[in-house]
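See below for structure_13.txt, which holds compact mmCIF, C-alpha atoms.
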# COMPACT_ATOMS: atom_id res chain seq x y z
CA MET S 1 0.00 0.00 0.00
CA ARG S 2 1.28 3.42 -0.89
CA HIS S 3 1.48 5.69 2.12
CA GLN S 4 -0.24 9.04 2.17
CA PRO S 5 2.38 11.80 1.93
CA VAL S 6 3.87 13.55 4.89
CA VAL S 7 3.75 17.28 4.22
CA ILE S 8 5.90 19.74 6.14
CA ILE S 9 5.05 23.41 5.85
CA GLY S 10 8.25 25.36 6.49
CA SER S 11 11.85 24.90 5.38
CA GLY S 12 13.64 26.39 8.37
CA LEU S 13 15.69 24.52 10.90
CA ALA S 14 12.64 22.75 12.32
CA GLY S 15 11.21 21.66 8.97
CA TYR S 16 14.45 20.43 7.47
CA THR S 17 15.76 18.81 10.65
CA LEU S 18 12.52 16.89 10.96
CA ALA S 19 12.73 15.89 7.29
CA ARG S 20 16.27 14.58 7.80
CA GLU S 21 15.31 12.64 10.91
CA PHE S 22 12.23 11.25 9.19
CA ARG S 23 14.24 10.02 6.21
CA LYS S 24 16.63 8.20 8.53
CA LEU S 25 13.65 6.04 9.55
CA ASP S 26 11.50 5.97 6.45
CA ALA S 27 12.95 6.16 2.95
CA GLU S 28 9.70 5.36 1.16
CA THR S 29 6.79 7.53 2.26
CA PRO S 30 6.38 10.51 -0.08
CA LEU S 31 7.61 13.66 1.64
CA ALA S 32 6.89 17.22 0.59
CA ILE S 33 8.34 20.40 2.06
CA LEU S 34 6.52 23.62 1.28
CA SER S 35 8.62 26.75 1.63
CA SER S 36 7.49 30.35 1.54
CA ASP S 37 11.00 31.41 0.50
CA HIS S 38 13.80 30.01 -1.68
CA GLY S 39 13.68 26.69 0.17
CA GLY S 40 17.43 26.49 0.68
CA PHE S 41 19.04 25.30 3.89
CA TYR S 42 21.21 27.59 5.97
CA SER S 43 22.32 27.84 9.56
CA LYS S 44 20.03 30.32 11.25
CA PRO S 45 22.20 30.73 14.37
CA MET S 46 24.97 32.01 12.11
CA LEU S 47 22.92 34.99 10.94
CA SER S 48 23.77 36.92 14.10
CA ASN S 49 27.50 36.32 13.86
CA ALA S 50 28.26 36.40 10.17
CA PHE S 51 28.97 40.08 9.66
CA ALA S 52 32.40 40.18 11.26
CA GLN S 53 33.33 37.19 9.09
CA LYS S 54 32.18 39.19 6.05
CA LYS S 55 29.81 36.41 5.04
CA THR S 56 27.32 37.29 2.33
CA ALA S 57 23.85 35.78 2.28
CA ASP S 58 24.92 33.57 -0.64
CA ALA S 59 27.90 32.31 1.33
CA LEU S 60 25.59 31.37 4.22
CA LEU S 61 23.30 29.31 1.98
CA ALA S 62 24.59 25.81 2.66
CA LYS S 63 22.41 23.91 0.19
CA ASP S 64 19.81 25.13 -2.25
CA ALA S 65 16.29 23.70 -2.59
CA THR S 66 17.25 21.35 -5.44
CA ARG S 67 20.05 19.80 -3.44
CA MET S 68 17.84 19.46 -0.36
CA ALA S 69 15.15 17.74 -2.45
CA ASP S 70 17.75 15.38 -3.81
CA GLU S 71 19.30 14.54 -0.44
CA LEU S 72 15.97 14.08 1.30
CA LYS S 73 14.26 12.33 -1.58
CA ALA S 74 11.52 14.87 -1.10
CA GLU S 75 9.58 17.34 -3.13
CA VAL S 76 10.67 20.82 -2.09
CA ARG S 77 8.40 23.57 -3.33
CA ALA S 78 9.94 27.02 -3.09
CA HIS S 79 7.97 30.29 -2.94
CA THR S 80 4.84 28.44 -1.97
CA SER S 81 1.98 29.90 -0.04
CA VAL S 82 -0.47 27.76 1.88
CA ALA S 83 -3.77 29.59 2.02
CA ALA S 84 -5.79 27.13 4.08
CA ILE S 85 -5.91 23.72 5.73
CA ASN S 86 -9.05 21.61 5.46
CA ILE S 87 -8.63 19.28 8.39
CA GLN S 88 -11.71 17.17 7.61
CA ARG S 89 -10.54 16.35 4.10
CA ARG S 90 -6.84 16.39 4.98
CA GLN S 91 -6.17 18.84 2.20
CA LEU S 92 -4.19 22.00 1.74
CA SER S 93 -4.86 24.88 -0.56
CA VAL S 94 -1.44 25.57 -2.06
CA ASN S 95 -0.87 28.30 -4.64
CA GLY S 96 -4.50 27.85 -5.70
CA GLU S 97 -4.28 24.05 -6.02
CA THR S 98 -5.44 21.29 -3.72
CA MET S 99 -2.86 19.02 -2.11
CA SER S 100 -3.63 15.98 0.07
CA TYR S 101 -1.68 14.89 3.11
CA GLY S 102 -1.60 11.89 5.39
CA LYS S 103 0.23 13.68 8.17
CA LEU S 104 0.83 17.40 8.21
CA VAL S 105 3.58 19.17 10.13
CA LEU S 106 3.46 22.88 10.77
CA ALA S 107 7.01 24.24 10.99
CA LEU S 108 5.96 27.79 10.23
CA GLY S 109 8.38 29.70 12.41
CA ALA S 110 7.74 33.07 13.99
CA ASP S 111 7.48 36.69 12.98
CA PRO S 112 9.71 39.37 14.48
CA ILE S 113 7.72 41.57 16.83
CA ARG S 114 7.45 45.10 15.46
CA LEU S 115 7.33 47.90 17.99
CA PRO S 116 4.66 50.49 17.22
CA LEU S 117 7.05 53.29 16.25
CA THR S 118 6.09 56.72 15.06
CA GLY S 119 7.94 59.05 12.71
CA SER S 120 9.01 59.20 9.08
CA GLY S 121 11.76 56.61 9.63
CA ALA S 122 9.57 53.95 11.27
CA GLU S 123 9.24 51.81 8.14
CA ALA S 124 13.02 51.83 7.61
CA VAL S 125 13.54 49.68 10.72
CA LEU S 126 14.82 46.22 9.74
CA SER S 127 14.80 42.89 11.50
CA VAL S 128 16.71 39.71 10.69
CA ASN S 129 14.82 36.46 11.10
CA ASN S 130 15.82 34.62 7.93
CA LEU S 131 18.42 34.58 5.18
CA ASP S 132 16.56 37.04 2.94
CA ASP S 133 16.31 39.48 5.87
CA TYR S 134 20.04 39.09 6.38
CA ARG S 135 20.65 39.89 2.71
CA ARG S 136 18.57 43.08 2.98
CA PHE S 137 20.28 44.10 6.21
CA ARG S 138 23.74 43.60 4.73
CA GLU S 139 22.82 45.66 1.70
CA ALA S 140 21.48 48.44 3.92
CA ALA S 141 24.60 48.44 6.09
CA GLU S 142 27.03 48.31 3.16
CA GLY S 143 29.34 51.32 3.31
CA LYS S 144 27.54 52.69 6.37
CA ARG S 145 28.99 53.30 9.80
CA ARG S 146 26.39 53.66 12.56
CA ILE S 147 23.87 51.00 13.54
CA ALA S 148 21.28 51.25 16.29
CA ILE S 149 19.79 48.06 17.70
CA LEU S 150 16.43 47.92 19.44
CA GLY S 151 16.52 45.22 22.09
CA ALA S 152 19.35 44.03 24.35
CA GLY S 153 18.25 40.41 24.46
CA LEU S 154 20.13 37.44 23.07
CA ILE S 155 19.81 38.34 19.39
CA GLY S 156 20.34 42.05 20.03
CA CYS S 157 23.54 41.43 21.99
CA GLU S 158 24.85 38.93 19.46
CA PHE S 159 24.30 41.34 16.58
CA ALA S 160 25.76 44.23 18.59
CA ASN S 161 28.96 42.32 19.27
CA ASP S 162 29.21 41.05 15.71
CA LEU S 163 28.65 44.48 14.17
CA ALA S 164 31.13 46.12 16.55
CA ASN S 165 33.69 43.51 15.52
CA ALA S 166 32.90 44.30 11.89
CA GLY S 167 33.85 47.93 12.55
CA TYR S 168 30.45 49.57 13.06
CA THR S 169 29.54 52.09 15.72
CA VAL S 170 26.77 50.36 17.66
CA ASP S 171 24.08 51.74 19.97
CA VAL S 172 21.73 49.38 21.80
CA ILE S 173 18.42 50.56 23.26
CA ASP S 174 16.27 48.59 25.69
CA LEU S 175 13.55 49.32 28.18
CA ALA S 176 15.17 46.89 30.62
CA ALA S 177 17.88 48.09 32.98
CA GLN S 178 20.41 45.49 31.81
CA PRO S 179 21.23 43.40 28.77
CA LEU S 180 19.84 39.85 28.60
CA GLY S 181 17.31 40.77 31.27
CA ARG S 182 15.28 37.59 30.84
CA LEU S 183 18.28 35.30 31.06
CA LEU S 184 20.76 36.80 33.51
CA PRO S 185 20.59 37.98 37.13
CA THR S 186 21.40 41.66 37.55
CA ASP S 187 25.11 41.48 38.39
CA ALA S 188 25.78 39.04 35.58
CA GLY S 189 23.93 41.37 33.20
CA VAL S 190 26.15 44.22 34.34
CA PHE S 191 29.25 42.10 33.72
CA MET S 192 28.06 41.37 30.19
CA GLN S 193 27.29 45.04 29.66
CA ARG S 194 30.79 46.14 30.76
CA ARG S 195 32.43 43.63 28.44
CA LEU S 196 30.32 44.73 25.50
CA GLU S 197 30.99 48.38 26.34
CA ALA S 198 34.70 47.63 26.33
CA ALA S 199 34.16 46.30 22.78
CA GLY S 200 32.82 49.75 21.85
CA ILE S 201 29.06 49.18 22.16
CA VAL S 202 27.03 51.99 23.73
CA PHE S 203 23.97 50.99 25.77
CA HIS S 204 20.90 53.15 26.34
CA LEU S 205 19.01 51.21 29.01
CA GLY S 206 15.82 51.84 30.90
CA THR S 207 14.51 53.84 27.98
CA SER S 208 12.67 53.43 24.69
CA ILE S 209 12.31 55.08 21.31
CA GLN S 210 9.73 57.83 21.14
CA GLN S 211 10.16 58.75 17.54
CA ILE S 212 12.30 57.82 14.57
CA ASP S 213 12.67 60.19 11.64
CA ARG S 214 14.61 60.36 8.42
CA ALA S 215 17.45 62.86 8.69
CA GLY S 216 19.64 63.32 5.62
CA SER S 217 20.74 59.89 4.43
CA GLY S 218 20.26 58.39 7.88
CA LEU S 219 17.81 58.23 10.76
CA ARG S 220 17.37 60.22 13.92
CA LEU S 221 16.09 58.48 17.06
CA ASN S 222 14.53 60.37 19.91
CA LEU S 223 14.59 58.40 23.14
CA ALA S 224 12.18 58.74 26.03
CA ASN S 225 15.03 59.82 28.33
CA GLY S 226 15.66 62.87 26.14
CA GLU S 227 18.69 61.49 24.32
CA MET S 228 18.97 61.84 20.57
CA LEU S 229 20.87 59.33 18.42
CA GLU S 230 21.85 59.30 14.77
CA ALA S 231 22.08 56.00 12.92
CA ASP S 232 22.41 54.86 9.32
CA VAL S 233 20.54 51.62 9.91
CA VAL S 234 18.19 50.55 12.70
CA LEU S 235 17.82 46.87 13.51
CA SER S 236 14.95 45.65 15.65
CA ALA S 237 15.54 42.56 17.81
CA VAL S 238 12.78 42.72 20.38
CA GLY S 239 11.47 39.19 20.14
CA LEU S 240 9.43 36.76 18.09
CA ARG S 241 5.75 35.94 17.81
CA PRO S 242 4.85 32.39 16.77
CA ARG S 243 2.95 32.17 13.47
CA THR S 244 -0.47 30.87 14.40
CA THR S 245 -2.82 32.42 11.84
CA LEU S 246 -2.99 29.46 9.43
CA ALA S 247 -3.59 27.00 12.29
CA ALA S 248 -6.20 29.17 13.98
CA ALA S 249 -8.09 29.64 10.70
CA ALA S 250 -8.18 25.85 10.28
CA GLY S 251 -9.77 25.51 13.71
CA LEU S 252 -6.72 24.21 15.55
CA GLN S 253 -6.19 25.30 19.14
CA VAL S 254 -3.72 28.13 19.49
CA ASN S 255 -2.53 30.12 22.44
CA ARG S 256 0.79 31.99 22.32
CA GLY S 257 1.87 29.36 19.79
CA ILE S 258 0.13 26.46 18.08
CA MET S 259 -0.77 24.24 21.02
CA VAL S 260 0.67 20.73 20.95
CA ASN S 261 0.98 17.88 23.44
CA HIS S 262 4.09 15.87 24.35
CA LEU S 263 3.80 14.09 20.98
CA LEU S 264 3.85 17.51 19.25
CA GLN S 265 0.32 16.76 18.11
CA THR S 266 -2.12 19.63 17.67
CA SER S 267 -5.82 19.42 18.50
CA ASP S 268 -6.17 17.49 15.21
CA GLU S 269 -4.64 14.04 15.35
CA ASN S 270 -3.13 14.23 11.86
CA ILE S 271 -1.47 17.60 12.32
CA TYR S 272 1.70 18.32 14.29
CA ALA S 273 3.66 21.48 15.01
CA ILE S 274 7.35 21.96 15.69
CA GLY S 275 9.85 24.79 16.18
CA ASP S 276 9.26 28.47 16.78
CA CYS S 277 5.53 28.27 15.90
CA ALA S 278 4.76 25.56 18.46
CA GLU S 279 3.75 25.81 22.09
CA VAL S 280 4.73 22.44 23.54
CA GLU S 281 2.72 21.77 26.69
CA GLY S 282 2.66 25.47 27.44
CA LYS S 283 6.23 26.27 26.48
CA VAL S 284 7.52 28.19 23.48
CA LEU S 285 11.24 27.49 23.14
CA PRO S 286 12.67 29.28 20.10
CA PHE S 287 16.15 27.76 20.37
CA VAL S 288 18.06 25.20 18.36
CA MET S 289 18.46 22.47 20.95
CA PRO S 290 14.72 22.03 21.64
CA ILE S 291 14.11 21.80 17.89
CA MET S 292 16.65 18.99 17.61
CA GLN S 293 15.01 17.11 20.48
CA ALA S 294 11.55 17.68 19.04
CA ALA S 295 12.57 16.53 15.55
CA ARG S 296 14.09 13.36 16.95
CA ALA S 297 10.84 12.55 18.76
CA LEU S 298 8.47 13.57 15.99
CA ALA S 299 10.22 11.56 13.27
CA PRO S 300 9.43 8.18 14.85
CA THR S 301 5.97 9.40 15.81
CA LEU S 302 5.27 10.11 12.14
CA THR S 303 6.29 6.57 11.23
CA GLY S 304 3.75 5.18 13.69
CA ASN S 305 6.00 4.76 16.72
CA ALA S 306 4.58 7.37 19.12
CA THR S 307 7.54 9.01 20.89
CA PRO S 308 7.04 11.80 23.41
CA VAL S 309 9.46 14.71 23.25
CA CYS S 310 11.68 14.75 26.28
CA TYR S 311 13.93 17.71 26.87
CA PRO S 312 17.24 17.23 28.63
CA ALA S 313 18.97 20.21 30.25
CA MET S 314 19.36 22.62 27.35
CA PRO S 315 21.79 25.41 28.12
CA VAL S 316 21.74 28.16 25.50
CA ALA S 317 25.04 29.59 24.24
CA VAL S 318 25.10 33.34 23.72
CA LYS S 319 27.49 34.07 20.88
CA THR S 320 29.04 37.28 22.15
CA PRO S 321 32.82 36.90 21.66
CA ALA S 322 33.51 39.86 23.97
CA CYS S 323 31.82 37.89 26.74
CA PRO S 324 30.98 34.28 25.87
CA ALA S 325 27.97 33.11 27.88
CA VAL S 326 25.94 29.99 28.51
CA VAL S 327 22.56 30.29 30.17
CA ALA S 328 20.06 27.80 31.51
CA PRO S 329 17.37 30.05 32.97
CA PRO S 330 15.18 28.58 35.73
CA GLU S 331 11.69 27.52 34.67
CA PRO S 332 9.07 30.22 35.24
CA GLY S 333 7.48 29.86 38.65
CA VAL S 334 10.37 27.98 40.27
CA ALA S 335 11.18 29.63 43.59
CA GLY S 336 14.79 30.13 44.50
CA GLN S 337 17.72 32.45 44.67
CA TRP S 338 20.67 33.39 42.53
CA ARG S 339 24.13 32.92 44.05
CA LEU S 340 26.93 34.64 42.19
CA LYS S 341 30.64 34.07 42.14
CA GLN S 342 32.42 36.72 40.17
CA ASP S 343 36.00 37.60 39.39
CA VAL S 344 37.70 39.63 36.68
CA ASP S 345 37.51 36.75 34.21
CA GLY S 346 33.89 35.78 34.52
CA VAL S 347 30.72 35.13 36.45
CA LYS S 348 29.25 31.88 37.70
CA ALA S 349 25.65 32.38 38.75
CA LEU S 350 23.68 29.48 40.22
CA PHE S 351 19.95 29.51 40.81
CA GLU S 352 19.09 27.23 43.72
CA ASP S 353 15.77 26.31 45.26
CA ALA S 354 15.01 26.08 49.00
CA ASP S 355 16.48 22.56 49.12
CA GLY S 356 19.73 23.78 47.60
CA LYS S 357 19.02 22.03 44.30
CA LEU S 358 20.35 23.61 41.11
CA ARG S 359 17.42 24.89 38.99
CA GLY S 360 19.23 27.19 36.59
CA PHE S 361 22.56 28.82 35.88
CA ALA S 362 24.35 31.50 33.92
CA LEU S 363 28.03 31.34 33.06
CA LEU S 364 29.96 34.26 31.61
CA GLY S 365 33.52 34.62 30.40
CA ALA S 366 35.94 31.98 31.67
CA ALA S 367 33.18 30.27 33.68
CA VAL S 368 31.56 28.84 30.49
CA ALA S 369 34.02 25.96 30.84
CA GLU S 370 31.82 24.64 33.68
CA LYS S 371 28.81 24.20 31.39
CA ASN S 372 28.82 20.43 31.05
CA GLY S 373 29.35 19.72 34.73
CA LEU S 374 26.55 22.06 35.77
CA ALA S 375 24.13 20.88 33.08
CA GLN S 376 24.33 17.39 34.60
CA LEU S 377 23.40 18.75 38.03
CA LEU S 378 20.36 20.66 36.80
CA VAL S 379 17.07 19.55 38.33
CA GLN S 380 14.12 20.14 36.00
CA MET G 1 43.94 15.26 11.37
CA LYS G 2 40.61 16.49 10.02
CA VAL G 3 38.08 19.09 11.07
CA TRP G 4 34.31 18.55 11.12
CA LYS G 5 31.63 21.18 11.36
CA CYS G 6 28.07 21.14 12.68
CA ILE G 7 25.79 22.04 9.78
CA VAL G 8 23.43 23.88 12.08
CA CYS G 9 25.39 25.97 14.55
CA GLY G 10 28.88 25.91 13.14
CA TYR G 11 30.48 24.14 16.11
CA VAL G 12 33.81 22.73 14.99
CA TYR G 13 35.17 19.33 15.97
CA ASP G 14 38.91 19.30 15.42
CA GLU G 15 40.33 15.79 15.65
CA ALA G 16 43.58 17.18 17.01
CA ALA G 17 41.81 18.96 19.87
CA GLY G 18 39.08 16.38 20.53
CA ALA G 19 36.27 17.42 22.88
CA PRO G 20 37.71 16.91 26.35
CA ASP G 21 34.59 18.37 28.01
CA ASP G 22 32.60 15.52 26.47
CA GLY G 23 35.20 12.94 27.39
CA ILE G 24 36.66 12.71 23.90
CA ALA G 25 40.43 12.80 24.06
CA PRO G 26 42.58 15.00 21.83
CA GLY G 27 43.60 13.11 18.72
CA THR G 28 40.35 11.09 18.50
CA ARG G 29 39.54 10.47 14.86
CA TRP G 30 36.04 11.31 13.72
CA GLU G 31 35.17 7.67 13.00
CA ASP G 32 36.08 6.84 16.60
CA VAL G 33 33.77 9.46 18.09
CA PRO G 34 30.75 7.54 19.47
CA GLU G 35 27.69 7.51 17.17
CA THR G 36 25.60 8.72 20.10
CA TRP G 37 27.70 11.87 20.46
CA ALA G 38 25.89 15.05 19.47
CA CYS G 39 26.91 18.64 18.94
CA PRO G 40 27.54 20.05 22.44
CA ASP G 41 26.16 23.45 21.40
CA CYS G 42 22.96 22.54 19.59
CA GLY G 43 22.39 18.80 19.73
CA VAL G 44 22.82 18.00 16.03
CA ALA G 45 23.54 14.28 15.57
CA LYS G 46 27.02 13.13 14.67
CA VAL G 47 25.86 11.90 11.24
CA ASP G 48 24.74 15.42 10.42
CA PHE G 49 28.20 16.91 10.78
CA GLU G 50 30.12 17.56 7.60
CA MET G 51 33.80 17.63 6.91
CA ALA G 52 35.00 21.22 6.82
CA GLU G 53 37.64 22.59 4.51
CA VAL G 54 40.86 23.12 6.45
Take the structure from the file and write it as structure tokens.
Amino acid sequence: MRHQPVVIIGSGLAGYTLAREFRKLDAETPLAILSSDHGGFYSKPMLSNAFAQKKTADALLAKDATRMADELKAEVRAHTSVAAINIQRRQLSVNGETMSYGKLVLALGADPIRLPLTGSGAEAVLSVNNLDDYRRFREAAEGKRRIAILGAGLIGCEFANDLANAGYTVDVIDLAAQPLGRLLPTDAGVFMQRRLEAAGIVFHLGTSIQQIDRAGSGLRLNLANGEMLEADVVLSAVGLRPRTTLAAAAGLQVNRGIMVNHLLQTSDENIYAIGDCAEVEGKVLPFVMPIMQAARALAPTLTGNATPVCYPAMPVAVKTPACPAVVAPPEPGVAGQWRLKQDVDGVKALFEDADGKLRGFALLGAAVAEKNGLAQLLVQ
Amino acid sequence: MKVWKCIVCGYVYDEAAGAPDDGIAPGTRWEDVPETWACPDCGVAKVDFEMAEV
């Protein structure tokens, strides 16, 4: 009997990793990957540290859609838009045609959050969430000198460090009082800030943009604290919002992301979700390691061997060469306290609960060497 | 001695250096790295590493 095709919507890290894992187990079932862009494979984590290495978007493209199709023995459809899912008929409406699926996987990704900015320069603000964005950003920054970054989170700090290393003057603006506010305790955040400042980055913290206007060939930013900045390019890195519209329109349950259980199954038994678009038992984890774990569980599930996703300790590396960092933030709602050990070379911050059990950590500078040992001690 | 690179995050496994943090001694050839070993930074499986140009 010929199997109904597995269709994956999305050709990012989640979609392609799942496809690879699936093909390791099942070489026969027809597999289709629908991509809204060029459908090529690239390393997304490298987008925020490719500037200093002078990597063009073309250089970052590891394999184009044709090569991926060949390697995965799959149909890869580039520049494809899925208008609707009919869950009763197990059909998709794709570029005006109908396509049937046996199992459907939503690997749709997330959209960069856009701050509601006012002023004549508001639409010039860029964000980088895929290879085409990176291409546009590189073109905009070509021959320019000053870049302002909105957001001092993980992506904002990585870009800031990378751009400073590439020779740009970099300003970073965030409403929080410290960089990496969601991941680091205060003193560790300050340590990171000092290291990045030593690399030439200027922080404007505890404030926000009030207005952004075109001024000559560049942009002028008025901050709420009264400061005024000039920049040639403004990059927004204030977070991601899971893409849920297609799923919601099909009648699937969505919350912050597309809601799935421990099998990554949505409210429809034939539809799964993975990666930045998915909310797995209440958690949205837009990092690489969870995607790898999820893909390795979902692949066997799709072949009929139901396998729950099980996350090990998943420390996240922050790629800031001026201050390498590894963070494993405590789960929301876990009570405990940070204990910091700091010297000139780094910070070791441990988050312990009332029983003295390790529930999270943050390592900066030389302390990142302790990552593996601490990850094994983490209680989840 | 060869160098291998994670296709996802760019982590580099250099046979000369090994991965002492993961218990893999310097000088361990790629074929001798356990099949269960995964990229320490992002979890990519060993089979999904590719040889990098040196």
**Request:** Hey, list the chain G side of the contact with chain S: 9 Å cut-off, only C-alpha atoms, answer as a list of chain:residue names.
**Result:**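 Result, ordered by chain then number: G:Ile7, G:Val8, G:Cys9, G:Gly10, G:Asp21, G:Asp22, G:Pro40, G:Asp41, G:Cys42, G:Gly43, G:Val44, G:Ala45, G:Asp48.
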From atom CA of S:Gly156 to atom CA of S:Gly200 the spacing works out at 14.8 Å
Item to complete: Mind giving me the straight-line distance from atom CA of S:Val6 to atom CA of S:Lys63 in Å, one decimal?
Response: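 Straight-line distance from atom CA of S:Val6 to atom CA of S:Lys63 works out to 21.8 Å.
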Students should find that atom CA of S:Leu263 and atom CA of S:Ala297 are spaced 7.5 Å
task = Find the residues around S:Asp345 up to 10 Å (all atoms listed in the file counted), leave out those fewer than 4 positions away in its own chain, and share them as a list in words.
result =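 Returned residues: Phe191, Cys323, Leu364, Gly365, Ala366 and Ala367 of chain S.
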- Item | Spatial neighbours of stretch 47-56 of chain S, 7 Å, all atoms listed in the file, chain gap at least 6 places, as a PyMOL selection string | chain S and resi 134+155+158-159+162-163+165-166
Tell me which residues come within 12 Å of (16.2, 8.3, 12.1), as a short mmCIF file (atom, residue, chain, number, x, y, z; two decimals) with C-alpha atoms, keeping the file's coordinate frame, counting all atoms listed in the file in the file's coordinates.
data_model
loop_
_atom_site.label_atom_id
_atom_site.label_comp_id
_atom_site.auth_asym_id
_atom_site.auth_seq_id
_atom_site.Cartn_x
_atom_site.Cartn_y
_atom_site.Cartn_z
CA THR S 17 15.76 18.81 10.65
CA LEU S 18 12.52 16.89 10.96
CA ALA S 19 12.73 15.89 7.29
CA ARG S 20 16.27 14.58 7.80
CA GLU S 21 15.31 12.64 10.91
CA PHE S 22 12.23 11.25 9.19
CA ARG S 23 14.24 10.02 6.21
CA LYS S 24 16.63 8.20 8.53
CA LEU S 25 13.65 6.04 9.55
CA ASP S 26 11.50 5.97 6.45
CA ALA S 27 12.95 6.16 2.95
CA ALA S 295 12.57 16.53 15.55
CA ARG S 296 14.09 13.36 16.95
CA ALA S 297 10.84 12.55 18.76
CA LEU S 298 8.47 13.57 15.99
CA ALA S 299 10.22 11.56 13.27
CA PRO S 300 9.43 8.18 14.85
CA THR S 301 5.97 9.40 15.81
CA LEU S 302 5.27 10.11 12.14
CA THR S 303 6.29 6.57 11.23
CA ASN S 305 6.00 4.76 16.72
CA ALA G 45 23.54 14.28 15.57
CA VAL G 47 25.86 11.90 11.24
CA ASP G 48 24.74 15.42 10.42
#
Restricting to only C-alpha atoms, whichever of S:Asp64, S:Asp171, S:Asp132, S:Glu352 is closest to S:Val234 is S:Asp171
task = Using all atoms listed in the file, determine which residues lie at most 7 Å from stretch 138-144 of chain S, disregarding the query and same-chain residues fewer than 2 positions distant; provide the list as a PyMOL selection string.
result = chain S and resi 134-136+146+232-233
Sphere at (9.6, 15.6, -0.6), radius 7 Å, counting all atoms listed in the file: residues as JSON, numbers by chain:
{"S": [30, 31, 32, 33, 69, 72, 73, 74, 75, 76]}
Tell me, as a PyMOL selection string, which residues lie within 7 Å of G:Ala52, counting only C-alpha atoms; anything in the same chain fewer than 6 positions away does not count.
chain G and resi 3-5
key: Contacts of S:Gly102 at 12 Å (only C-alpha atoms; same-chain gap of 2+ positions) as number ranges by chain   = S: 2-8, 29-32, 87-92, 99-100, 104-105, 269-272, 302-304
Quick one: write out the picked residues with C-alpha atoms as a PDB file, in the frame of the given file?
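The result, stored in result13.pdb:
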ATOM      1  CA  ARG S   2       1.280   3.420  -0.890  1.00  0.00           C
ATOM      2  CA  HIS S   3       1.480   5.690   2.120  1.00  0.00           C
ATOM      3  CA  GLN S   4      -0.240   9.040   2.170  1.00  0.00           C
ATOM      4  CA  PRO S   5       2.380  11.800   1.930  1.00  0.00           C
ATOM      5  CA  VAL S   6       3.870  13.550   4.890  1.00  0.00           C
ATOM      6  CA  VAL S   7       3.750  17.280   4.220  1.00  0.00           C
ATOM      7  CA  ILE S   8       5.900  19.740   6.140  1.00  0.00           C
ATOM      8  CA  THR S  29       6.790   7.530   2.260  1.00  0.00           C
ATOM      9  CA  PRO S  30       6.380  10.510  -0.080  1.00  0.00           C
ATOM     10  CA  LEU S  31       7.610  13.660   1.640  1.00  0.00           C
ATOM     11  CA  ALA S  32       6.890  17.220   0.590  1.00  0.00           C
ATOM     12  CA  ILE S  87      -8.630  19.280   8.390  1.00  0.00           C
ATOM     13  CA  GLN S  88     -11.710  17.170   7.610  1.00  0.00           C
ATOM     14  CA  ARG S  89     -10.540  16.350   4.100  1.00  0.00           C
ATOM     15  CA  ARG S  90      -6.840  16.390   4.980  1.00  0.00           C
ATOM     16  CA  GLN S  91      -6.170  18.840   2.200  1.00  0.00           C
ATOM     17  CA  LEU S  92      -4.190  22.000   1.740  1.00  0.00           C
ATOM     18  CA  MET S  99      -2.860  19.020  -2.110  1.00  0.00           C
ATOM     19  CA  SER S 100      -3.630  15.980   0.070  1.00  0.00           C
ATOM     20  CA  LEU S 104       0.830  17.400   8.210  1.00  0.00           C
ATOM     21  CA  VAL S 105       3.580  19.170  10.130  1.00  0.00           C
ATOM     22  CA  GLU S 269      -4.640  14.040  15.350  1.00  0.00           C
ATOM     23  CA  ASN S 270      -3.130  14.230  11.860  1.00  0.00           C
ATOM     24  CA  ILE S 271      -1.470  17.600  12.320  1.00  0.00           C
ATOM     25  CA  TYR S 272       1.700  18.320  14.290  1.00  0.00           C
ATOM     26  CA  LEU S 302       5.270  10.110  12.140  1.00  0.00           C
ATOM     27  CA  THR S 303       6.290   6.570  11.230  1.00  0.00           C
ATOM     28  CA  GLY S 304       3.750   5.180  13.690  1.00  0.00           C
TER      29      GLY S 304
END
Checklist entry - Nearest to G:Pro26 among G:Ala38, G:Tyr13, G:Cys6, G:Met51, with distances taken over all atoms listed in the file: which residue is it? => result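 Counting all atoms listed in the file, the residue closest to G:Pro26 is G:Tyr13.
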